[in-house]
Amino acid sequence: MVLTLVPIVFYFSLWNIFYYPLFYTKYYIPTLFSVVVFIPFLMFVINRIFFKNSIVEILSAVIGIIFTILIFMLLAAYLSKLVYFTIEAFPYILIILIIIAIIVFIRREAFDKRTKLILAGVISFVIICAFVFGVFNFQPVFYDTKAAVYMVEDEYQICWSTSTTTAGYIEIAGEQYYDSYAGALNCSTLHKVTIPKEILDTNKNYKIVSYGVSHNRAYYPIRTSTISKDYTFRPINYDDGIQIYNISDNHLYRTGPQRAASYFGDKLDLLIANGDHVNDVSEDWQIKNMYRLVGNITNGSVPVILSRGNHEAAGSQLVELPQWYASRDNTFYYTVRVGDIAFIVLDMGNLEKDARKTQKYVGDFNHYREEEAEWLRGIYESGVMNDPSIKYRIAVCHVAFPLNIKKYGGEAARKMMEYLELMNIDFMMAGHSHATVVFEPHSTYSLDGKEKDTNEADFPVILGSIRNDENMRYETLFGYQFTGTAIEIKDGDIELMFTNSLGEIKEYHKF
Ligand SMILES: [Fe+2]
């Protein structure tokens with residue numbers, strides 16, 4: 001009986017968490033689930049009173065367990081941990097299954113000779129595979145994501161990923177650009193090569209070449225097969241104005257943002273990937289997920305401005321992130337020039353004070369933000385933003401810090417906002433709050449109907465992404481719905497549209 005009651009208790013104790021994401025996925029889901037969740041318990045009670053069938057009793061318990069697992073999966077989806085539980089946990093589940101199989105095999109005297117032989121064969125095969133693929137790392141070499149071309153200052157940083165450990169380079173017009181550090185090739189599944197901007201803009205083609213390095217042991221590295229892939233690159237086309245699409249906060253989900261970002265079709269000039277594409281930076285697959293998102297949208301042909309979200313500022317592999325992400329001198333703040341537009345890309349890091357529990361012992365973000373404010377002061381004082389060839393100035397930052405300076409970065413953030421004001425920023429493109437809202441300068445708006453945010457800046461701040469096609473404030477539970485921001489700059493106008501995964505314009509603004 002307890003097993004049939006667990007899903008009811010579990011579901012209703014999470015009601016406050018579930019209600020809105022379920023409601024905005026489909027309005028009838030919370031009610032439907034509230035009824036369905038009683039099925040195993042009702043089965044149990046009705047069977048006990050009328051039928052007393054032991055199979056039905058076992059079935060009700062099994063359904064109770066299945067419902068509990070499904071509710072757990074819903075919770076994982078809501079916490080953006082679904083992929084973590086399903087993909088990340090897979091090797092551990094496999095190991096547990098192998099151990100169970102071996103124990104069953106050893107202990108069960110009842111098995112006849114033929115069954116024992118089959119089981120012994122299966123277990124031996126698994127162990128051989130574990131040695132070949134795991135210990136000796138002999139694995140098929142293929143590209144498991146498309147390439148992503150990031151723009152940073154006056155260079156392109158091309159990132160790609162392979163199925164197993166590889167070394168490699170990019171070839172443009174017969175010239176090779178290796179992924180190497182101080183003479184050593186980077187043997188990894190994740191790669192980044194920096195190319196001067198004018199070289200790729202002129203040649204418009206690049207080829208990625210990779211070869212497997214199954215063992216990178218001192219004096220005896222083992223090389224396996226070589227693969228390559230050709231890409232055509234489409235430098236920004238100024239003829240019909242500039243078409244930019246901005247996405248953020250997809251938290252591993254890709255379907256919705258990929259569809260929404262296809263709004264401009266082949267006319268897309270630039271993608272802004274504005275952070276929180278993952279939940280943390282601890283494993284290669286998380287970075288691959290981000291490459292996959294960006295690669296699927298751009299096909300490795302359209303340049304990307306990548307900004308770091310607070311979720312890309314947590315995790316055990318954070319120190320390596322500059323090697324995998326668009327970065328400048330081991331930071332994630334930089335400028336990009338695109339025709340008559342100057343972008344200033346900023347990074348609030350993990351948002352929180354270093355003393356906070358989640359960052360204690362491993363964060364130095366207070367200093368990082370102070371150094372960033374100093375860097376921005378340098379940009380302002382250098383006068384580069386006054387260049388007469390610059391017509392538009394756009395700040396890109398995952399966190400819309402002018403909406404809550406005290407919470408988002410404190411004094412360093414205030415300084416940054418003031419330098420941006422002095423540089424006459426047209427607007428700031430941001431995300432983080434999972435909503436699509438244009439905050440006019442010094443305007444106040446409530447995202448949740450309770451707490452109010454005020455834009456302290458004298459430039460508009462735009463929150464540009466949400467996992468929903470219809471409602472622009474509340475998210476759905478899964479990732480197939482998405483609204484992002486289409487930006488078109490032409491003939492002296494900046495047009496901004498929130499467009500959803502169905503290609504519909506939900507809101508239109510002109511600056
Ligand atoms: Fe965020």
# chains A, B, ... in the order shown; residues from 1 in each chain; ligands from 1

call {"tool": "closest_atom_pairs", "arguments": {"of": "chain A", "to": "ligand 1", "cutoff": "12 Å", "atoms": "only C-alpha atoms and all ligand atoms", "output": "tab-separated table"}}
result
residue	atom	partner	partner_atom_place_in_ligand_line	distance
A:Ser248	CA	ligand 1	1 (Fe)	8.4
A:Asp249	CA	ligand 1	1 (Fe)	6.4
A:Asn250	CA	ligand 1	1 (Fe)	9.8
A:His251	CA	ligand 1	1 (Fe)	9.2
A:Asn274	CA	ligand 1	1 (Fe)	9.3
A:Gly275	CA	ligand 1	1 (Fe)	7.0
A:Asp276	CA	ligand 1	1 (Fe)	5.4
A:His277	CA	ligand 1	1 (Fe)	9.1
A:Val278	CA	ligand 1	1 (Fe)	9.9
A:Asn279	CA	ligand 1	1 (Fe)	9.2
A:Asp280	CA	ligand 1	1 (Fe)	10.9
A:Ser307	CA	ligand 1	1 (Fe)	11.1
A:Arg308	CA	ligand 1	1 (Fe)	9.0
A:Gly309	CA	ligand 1	1 (Fe)	5.3
A:Asn310	CA	ligand 1	1 (Fe)	5.0
A:His311	CA	ligand 1	1 (Fe)	6.1
A:Glu312	CA	ligand 1	1 (Fe)	8.8
A:Ala313	CA	ligand 1	1 (Fe)	9.8
A:Ala314	CA	ligand 1	1 (Fe)	11.3
A:Asp347	CA	ligand 1	1 (Fe)	11.0
A:Met348	CA	ligand 1	1 (Fe)	9.8
A:Gly349	CA	ligand 1	1 (Fe)	9.8
A:Asn350	CA	ligand 1	1 (Fe)	8.6
A:Leu351	CA	ligand 1	1 (Fe)	8.7
A:Glu352	CA	ligand 1	1 (Fe)	11.4
A:Cys397	CA	ligand 1	1 (Fe)	10.2
A:His398	CA	ligand 1	1 (Fe)	6.5
A:Val399	CA	ligand 1	1 (Fe)	6.4
A:Ala400	CA	ligand 1	1 (Fe)	9.5
A:Phe401	CA	ligand 1	1 (Fe)	11.1
A:Tyr408	CA	ligand 1	1 (Fe)	10.9
A:Ala430	CA	ligand 1	1 (Fe)	9.5
A:Gly431	CA	ligand 1	1 (Fe)	6.8
A:His432	CA	ligand 1	1 (Fe)	3.6
A:Ser433	CA	ligand 1	1 (Fe)	6.6
A:His434	CA	ligand 1	1 (Fe)	8.1
A:Ala435	CA	ligand 1	1 (Fe)	11.3
A:Leu463	CA	ligand 1	1 (Fe)	11.0
A:Gly464	CA	ligand 1	1 (Fe)	11.9
A:Ser465	CA	ligand 1	1 (Fe)	10.8
A:Ile466	CA	ligand 1	1 (Fe)	11.5

call {"tool": "residues_around", "arguments": {"residues": "Ile487 in chain A", "least_positions_apart": "2", "cutoff": "12 Å", "atoms": "only C-alpha atoms", "output": "PyMOL selection string"}}
result
chain A and resi 241-247+261+263-264+267-272+394+427+429+462+464+484-485+489-490+493-499+505+507-511

call {"tool": "select_by_dssp", "arguments": {"residues": "range 328-377 of chain A", "states": "helix (DSSP H, G or I)", "output": "PyMOL selection string"}}
result
chain A and resi 365-377

call {"tool": "write_last_selection", "arguments": {"atoms": "N, CA and C atoms", "output": "PDB file, in the first residue's frame"}}
result
ATOM      1  N   PHE A 365      35.524  35.478  -7.788  1.00  0.00           N
ATOM      2  CA  PHE A 365      34.783  36.307  -8.740  1.00  0.00           C
ATOM      3  C   PHE A 365      34.718  37.779  -8.341  1.00  0.00           C
ATOM      4  N   ASN A 366      34.874  38.084  -7.040  1.00  0.00           N
ATOM      5  CA  ASN A 366      34.859  39.502  -6.643  1.00  0.00           C
ATOM      6  C   ASN A 366      36.010  40.244  -7.325  1.00  0.00           C
ATOM      7  N   HIS A 367      37.219  39.626  -7.270  1.00  0.00           N
ATOM      8  CA  HIS A 367      38.373  40.263  -7.923  1.00  0.00           C
ATOM      9  C   HIS A 367      38.179  40.309  -9.436  1.00  0.00           C
ATOM     10  N   TYR A 368      37.635  39.210  -9.959  1.00  0.00           N
ATOM     11  CA  TYR A 368      37.428  39.103 -11.415  1.00  0.00           C
ATOM     12  C   TYR A 368      36.557  40.253 -11.912  1.00  0.00           C
ATOM     13  N   ARG A 369      35.455  40.529 -11.208  1.00  0.00           N
ATOM     14  CA  ARG A 369      34.550  41.605 -11.638  1.00  0.00           C
ATOM     15  C   ARG A 369      35.200  42.987 -11.486  1.00  0.00           C
ATOM     16  N   GLU A 370      36.021  43.125 -10.440  1.00  0.00           N
ATOM     17  CA  GLU A 370      36.727  44.406 -10.258  1.00  0.00           C
ATOM     18  C   GLU A 370      37.716  44.627 -11.407  1.00  0.00           C
ATOM     19  N   GLU A 371      38.444  43.563 -11.784  1.00  0.00           N
ATOM     20  CA  GLU A 371      39.390  43.671 -12.911  1.00  0.00           C
ATOM     21  C   GLU A 371      38.643  43.987 -14.209  1.00  0.00           C
ATOM     22  N   GLU A 372      37.463  43.395 -14.339  1.00  0.00           N
ATOM     23  CA  GLU A 372      36.648  43.621 -15.538  1.00  0.00           C
ATOM     24  C   GLU A 372      36.205  45.092 -15.614  1.00  0.00           C
ATOM     25  N   ALA A 373      35.811  45.646 -14.460  1.00  0.00           N
ATOM     26  CA  ALA A 373      35.395  47.059 -14.422  1.00  0.00           C
ATOM     27  C   ALA A 373      36.574  47.954 -14.816  1.00  0.00           C
ATOM     28  N   GLU A 374      37.777  47.572 -14.350  1.00  0.00           N
ATOM     29  CA  GLU A 374      38.985  48.333 -14.712  1.00  0.00           C
ATOM     30  C   GLU A 374      39.260  48.247 -16.215  1.00  0.00           C
ATOM     31  N   TRP A 375      39.073  47.057 -16.764  1.00  0.00           N
ATOM     32  CA  TRP A 375      39.251  46.848 -18.216  1.00  0.00           C
ATOM     33  C   TRP A 375      38.274  47.732 -18.983  1.00  0.00           C
ATOM     34  N   LEU A 376      37.018  47.790 -18.491  1.00  0.00           N
ATOM     35  CA  LEU A 376      35.996  48.589 -19.181  1.00  0.00           C
ATOM     36  C   LEU A 376      36.340  50.083 -19.091  1.00  0.00           C
ATOM     37  N   ARG A 377      36.904  50.471 -17.935  1.00  0.00           N
ATOM     38  CA  ARG A 377      37.347  51.864 -17.784  1.00  0.00           C
ATOM     39  C   ARG A 377      38.406  52.173 -18.850  1.00  0.00           C
TER      40      ARG A 377
END

call {"tool": "residues_around", "arguments": {"residues": "Val345 in chain A", "least_positions_apart": "3", "cutoff": "6 Å", "atoms": "only C-alpha atoms", "output": "list in words"}}
result
Tyr333, Tyr334, Thr335, Ala395, Val396 and Cys397 of chain A

call {"tool": "write_last_selection", "arguments": {"atoms": "N, CA, C and O atoms", "output": "PDB file, in the first residue's frame"}}
result
ATOM      1  N   TYR A 333      35.388  38.536 -21.029  1.00  0.00           N
ATOM      2  CA  TYR A 333      34.908  39.865 -21.445  1.00  0.00           C
ATOM      3  C   TYR A 333      35.833  40.381 -22.533  1.00  0.00           C
ATOM      4  O   TYR A 333      37.048  40.252 -22.451  1.00  0.00           O
ATOM      5  N   TYR A 334      35.206  40.934 -23.560  1.00  0.00           N
ATOM      6  CA  TYR A 334      35.979  41.341 -24.734  1.00  0.00           C
ATOM      7  C   TYR A 334      35.111  42.219 -25.620  1.00  0.00           C
ATOM      8  O   TYR A 334      33.914  42.404 -25.336  1.00  0.00           O
ATOM      9  N   THR A 335      35.701  42.762 -26.650  1.00  0.00           N
ATOM     10  CA  THR A 335      34.918  43.557 -27.604  1.00  0.00           C
ATOM     11  C   THR A 335      34.931  42.854 -28.962  1.00  0.00           C
ATOM     12  O   THR A 335      35.811  42.041 -29.243  1.00  0.00           O
ATOM     13  N   ALA A 395      25.839  46.319 -25.699  1.00  0.00           N
ATOM     14  CA  ALA A 395      26.454  45.526 -24.625  1.00  0.00           C
ATOM     15  C   ALA A 395      25.784  44.162 -24.609  1.00  0.00           C
ATOM     16  O   ALA A 395      24.567  44.050 -24.795  1.00  0.00           O
ATOM     17  N   VAL A 396      26.577  43.119 -24.433  1.00  0.00           N
ATOM     18  CA  VAL A 396      26.048  41.753 -24.332  1.00  0.00           C
ATOM     19  C   VAL A 396      26.487  41.213 -22.981  1.00  0.00           C
ATOM     20  O   VAL A 396      27.682  41.190 -22.672  1.00  0.00           O
ATOM     21  N   CYS A 397      25.502  40.856 -22.162  1.00  0.00           N
ATOM     22  CA  CYS A 397      25.861  40.297 -20.855  1.00  0.00           C
ATOM     23  C   CYS A 397      24.744  39.360 -20.422  1.00  0.00           C
ATOM     24  O   CYS A 397      23.572  39.711 -20.512  1.00  0.00           O
TER      25      CYS A 397
END

call {"tool": "atom_distance", "arguments": {"atom1": "CA of Thr162 in chain A", "atom2": "CA of Asn203 in chain A"}}
result
24.6 Å

call {"tool": "residues_around", "arguments": {"residues": "range 150-153 of chain A", "least_positions_apart": "4", "cutoff": "10 Å", "atoms": "only C-alpha atoms", "output": "number ranges by chain"}}
result
A: 157-159, 192, 194-197, 270-273, 294, 300, 302-306, 325-328, 332-338, 343-345

call {"tool": "residues_around", "arguments": {"residues": "Arg259 in chain A", "least_positions_apart": "3", "cutoff": "9 Å", "atoms": "only C-alpha atoms", "output": "PyMOL selection string"}}
result
chain A and resi 254-256+262-263+297+480-482+500-503

call {"tool": "residues_around", "arguments": {"residues": "Thr476 in chain A", "least_positions_apart": "3", "cutoff": "7 Å", "atoms": "only C-alpha atoms", "output": "list of chain:residue names"}}
result
A:Pro21, A:Leu22, A:Tyr24, A:Thr25, A:Arg467, A:Asn468

call {"tool": "residues_around", "arguments": {"residues": "His215 in chain A", "least_positions_apart": "5", "cutoff": "9 Å", "atoms": "only C-alpha atoms", "output": "ChimeraX atom specification"}}
result
/A:136-138,165,220-223

call {"tool": "select_by_dssp", "arguments": {"residues": "range 352-421 of chain A", "states": "strand (DSSP E or B)", "output": "number ranges by chain"}}
result
A: 392-399

call {"tool": "write_last_selection", "arguments": {"atoms": "all heavy atoms", "output": "PDB file, in the first residue's frame"}}
result
ATOM      1  N   TYR A 392      26.598  51.990 -33.897  1.00  0.00           N
ATOM      2  CA  TYR A 392      25.804  51.324 -32.849  1.00  0.00           C
ATOM      3  C   TYR A 392      26.735  50.705 -31.824  1.00  0.00           C
ATOM      4  O   TYR A 392      27.780  50.155 -32.180  1.00  0.00           O
ATOM      5  CB  TYR A 392      24.922  50.215 -33.454  1.00  0.00           C
ATOM      6  CG  TYR A 392      24.116  50.664 -34.642  1.00  0.00           C
ATOM      7  CD1 TYR A 392      24.578  50.424 -35.940  1.00  0.00           C
ATOM      8  CD2 TYR A 392      22.902  51.326 -34.477  1.00  0.00           C
ATOM      9  CE1 TYR A 392      23.854  50.834 -37.037  1.00  0.00           C
ATOM     10  CE2 TYR A 392      22.171  51.739 -35.575  1.00  0.00           C
ATOM     11  CZ  TYR A 392      22.652  51.487 -36.855  1.00  0.00           C
ATOM     12  OH  TYR A 392      21.940  51.901 -37.945  1.00  0.00           O
ATOM     13  N   ARG A 393      26.319  50.807 -30.578  1.00  0.00           N
ATOM     14  CA  ARG A 393      27.108  50.197 -29.494  1.00  0.00           C
ATOM     15  C   ARG A 393      26.182  49.300 -28.687  1.00  0.00           C
ATOM     16  O   ARG A 393      25.189  49.768 -28.134  1.00  0.00           O
ATOM     17  CB  ARG A 393      27.710  51.290 -28.595  1.00  0.00           C
ATOM     18  CG  ARG A 393      28.737  52.137 -29.317  1.00  0.00           C
ATOM     19  CD  ARG A 393      28.974  53.476 -28.621  1.00  0.00           C
ATOM     20  NE  ARG A 393      29.792  54.346 -29.465  1.00  0.00           N
ATOM     21  CZ  ARG A 393      29.292  55.125 -30.408  1.00  0.00           C
ATOM     22  NH1 ARG A 393      27.996  55.167 -30.645  1.00  0.00           N
ATOM     23  NH2 ARG A 393      30.101  55.884 -31.137  1.00  0.00           N
ATOM     24  N   ILE A 394      26.487  48.022 -28.657  1.00  0.00           N
ATOM     25  CA  ILE A 394      25.601  47.057 -27.992  1.00  0.00           C
ATOM     26  C   ILE A 394      26.381  46.311 -26.914  1.00  0.00           C
ATOM     27  O   ILE A 394      27.466  45.774 -27.184  1.00  0.00           O
ATOM     28  CB  ILE A 394      25.024  46.044 -29.018  1.00  0.00           C
ATOM     29  CG1 ILE A 394      24.199  46.780 -30.091  1.00  0.00           C
ATOM     30  CG2 ILE A 394      24.169  44.985 -28.317  1.00  0.00           C
ATOM     31  CD1 ILE A 394      23.766  45.907 -31.259  1.00  0.00           C
ATOM     32  N   ALA A 395      25.839  46.319 -25.699  1.00  0.00           N
ATOM     33  CA  ALA A 395      26.454  45.526 -24.625  1.00  0.00           C
ATOM     34  C   ALA A 395      25.784  44.162 -24.609  1.00  0.00           C
ATOM     35  O   ALA A 395      24.567  44.050 -24.795  1.00  0.00           O
ATOM     36  CB  ALA A 395      26.273  46.224 -23.285  1.00  0.00           C
ATOM     37  N   VAL A 396      26.577  43.119 -24.433  1.00  0.00           N
ATOM     38  CA  VAL A 396      26.048  41.753 -24.332  1.00  0.00           C
ATOM     39  C   VAL A 396      26.487  41.213 -22.981  1.00  0.00           C
ATOM     40  O   VAL A 396      27.682  41.190 -22.672  1.00  0.00           O
ATOM     41  CB  VAL A 396      26.607  40.856 -25.462  1.00  0.00           C
ATOM     42  CG1 VAL A 396      26.162  39.405 -25.274  1.00  0.00           C
ATOM     43  CG2 VAL A 396      26.181  41.371 -26.836  1.00  0.00           C
ATOM     44  N   CYS A 397      25.502  40.856 -22.162  1.00  0.00           N
ATOM     45  CA  CYS A 397      25.861  40.297 -20.855  1.00  0.00           C
ATOM     46  C   CYS A 397      24.744  39.360 -20.422  1.00  0.00           C
ATOM     47  O   CYS A 397      23.572  39.711 -20.512  1.00  0.00           O
ATOM     48  CB  CYS A 397      26.038  41.424 -19.827  1.00  0.00           C
ATOM     49  SG  CYS A 397      26.654  40.823 -18.247  1.00  0.00           S
ATOM     50  N   HIS A 398      25.097  38.169 -20.000  1.00  0.00           N
ATOM     51  CA  HIS A 398      24.058  37.213 -19.592  1.00  0.00           C
ATOM     52  C   HIS A 398      23.158  37.815 -18.516  1.00  0.00           C
ATOM     53  O   HIS A 398      21.936  37.734 -18.596  1.00  0.00           O
ATOM     54  CB  HIS A 398      24.716  35.928 -19.076  1.00  0.00           C
ATOM     55  CG  HIS A 398      23.737  34.984 -18.473  1.00  0.00           C
ATOM     56  ND1 HIS A 398      22.882  34.239 -19.240  1.00  0.00           N
ATOM     57  CD2 HIS A 398      23.449  34.693 -17.180  1.00  0.00           C
ATOM     58  CE1 HIS A 398      22.101  33.522 -18.443  1.00  0.00           C
ATOM     59  NE2 HIS A 398      22.436  33.777 -17.203  1.00  0.00           N
ATOM     60  N   VAL A 399      23.770  38.431 -17.530  1.00  0.00           N
ATOM     61  CA  VAL A 399      23.003  38.970 -16.406  1.00  0.00           C
ATOM     62  C   VAL A 399      22.687  40.443 -16.648  1.00  0.00           C
ATOM     63  O   VAL A 399      23.585  41.241 -16.891  1.00  0.00           O
ATOM     64  CB  VAL A 399      23.795  38.825 -15.089  1.00  0.00           C
ATOM     65  CG1 VAL A 399      23.011  39.425 -13.939  1.00  0.00           C
ATOM     66  CG2 VAL A 399      24.096  37.367 -14.819  1.00  0.00           C
TER      67      VAL A 399
END

call {"tool": "closest_residue", "arguments": {"among": "A:Ser446, A:Gln323, A:Thr436, A:Gln139", "to": "Ser180 in chain A", "atoms": "only C-alpha atoms"}}
result
A:Gln323

call {"tool": "atom_distance", "arguments": {"atom1": "CA of Leu190 in chain A", "atom2": "CA of Ala260 in chain A"}}
result
26.6 Å

call {"tool": "atom_distance", "arguments": {"atom1": "CA of Thr232 in chain A", "atom2": "CA of Tyr181 in chain A"}}
result
26.5 Å

call {"tool": "decode", "arguments": {"residues": "range 144-157 of chain A", "atoms": "N, CA and C atoms", "output": "PDB file, in the first residue's frame"}}
result
ATOM      1  N   ASP A 144      31.427  14.568 -33.214  1.00  0.00           N
ATOM      2  CA  ASP A 144      30.106  14.383 -32.594  1.00  0.00           C
ATOM      3  C   ASP A 144      29.341  15.694 -32.422  1.00  0.00           C
ATOM      4  N   THR A 145      29.940  16.804 -32.867  1.00  0.00           N
ATOM      5  CA  THR A 145      29.182  18.063 -32.961  1.00  0.00           C
ATOM      6  C   THR A 145      29.702  18.782 -34.208  1.00  0.00           C
ATOM      7  N   LYS A 146      28.920  19.760 -34.663  1.00  0.00           N
ATOM      8  CA  LYS A 146      29.434  20.606 -35.744  1.00  0.00           C
ATOM      9  C   LYS A 146      30.358  21.652 -35.129  1.00  0.00           C
ATOM     10  N   ALA A 147      31.097  22.335 -35.985  1.00  0.00           N
ATOM     11  CA  ALA A 147      32.017  23.361 -35.478  1.00  0.00           C
ATOM     12  C   ALA A 147      31.244  24.625 -35.090  1.00  0.00           C
ATOM     13  N   ALA A 148      31.823  25.388 -34.183  1.00  0.00           N
ATOM     14  CA  ALA A 148      31.262  26.682 -33.781  1.00  0.00           C
ATOM     15  C   ALA A 148      32.348  27.730 -33.974  1.00  0.00           C
ATOM     16  N   VAL A 149      31.987  28.846 -34.630  1.00  0.00           N
ATOM     17  CA  VAL A 149      32.981  29.892 -34.922  1.00  0.00           C
ATOM     18  C   VAL A 149      32.688  31.115 -34.059  1.00  0.00           C
ATOM     19  N   TYR A 150      33.487  31.304 -33.019  1.00  0.00           N
ATOM     20  CA  TYR A 150      33.263  32.417 -32.101  1.00  0.00           C
ATOM     21  C   TYR A 150      34.081  33.630 -32.520  1.00  0.00           C
ATOM     22  N   MET A 151      33.479  34.809 -32.345  1.00  0.00           N
ATOM     23  CA  MET A 151      34.192  36.059 -32.652  1.00  0.00           C
ATOM     24  C   MET A 151      34.676  36.668 -31.346  1.00  0.00           C
ATOM     25  N   VAL A 152      35.965  36.936 -31.280  1.00  0.00           N
ATOM     26  CA  VAL A 152      36.530  37.583 -30.092  1.00  0.00           C
ATOM     27  C   VAL A 152      37.554  38.601 -30.584  1.00  0.00           C
ATOM     28  N   GLU A 153      37.328  39.870 -30.260  1.00  0.00           N
ATOM     29  CA  GLU A 153      38.210  40.945 -30.733  1.00  0.00           C
ATOM     30  C   GLU A 153      38.413  40.819 -32.247  1.00  0.00           C
ATOM     31  N   ASP A 154      39.672  40.694 -32.736  1.00  0.00           N
ATOM     32  CA  ASP A 154      39.862  40.614 -34.182  1.00  0.00           C
ATOM     33  C   ASP A 154      40.238  39.210 -34.630  1.00  0.00           C
ATOM     34  N   GLU A 155      39.689  38.211 -33.925  1.00  0.00           N
ATOM     35  CA  GLU A 155      39.968  36.829 -34.329  1.00  0.00           C
ATOM     36  C   GLU A 155      38.713  35.971 -34.280  1.00  0.00           C
ATOM     37  N   TYR A 156      38.793  34.848 -34.970  1.00  0.00           N
ATOM     38  CA  TYR A 156      37.770  33.824 -34.855  1.00  0.00           C
ATOM     39  C   TYR A 156      38.350  32.691 -34.028  1.00  0.00           C
ATOM     40  N   GLN A 157      37.578  32.198 -33.106  1.00  0.00           N
ATOM     41  CA  GLN A 157      37.996  31.034 -32.329  1.00  0.00           C
ATOM     42  C   GLN A 157      37.075  29.887 -32.733  1.00  0.00           C
TER      43      GLN A 157
END
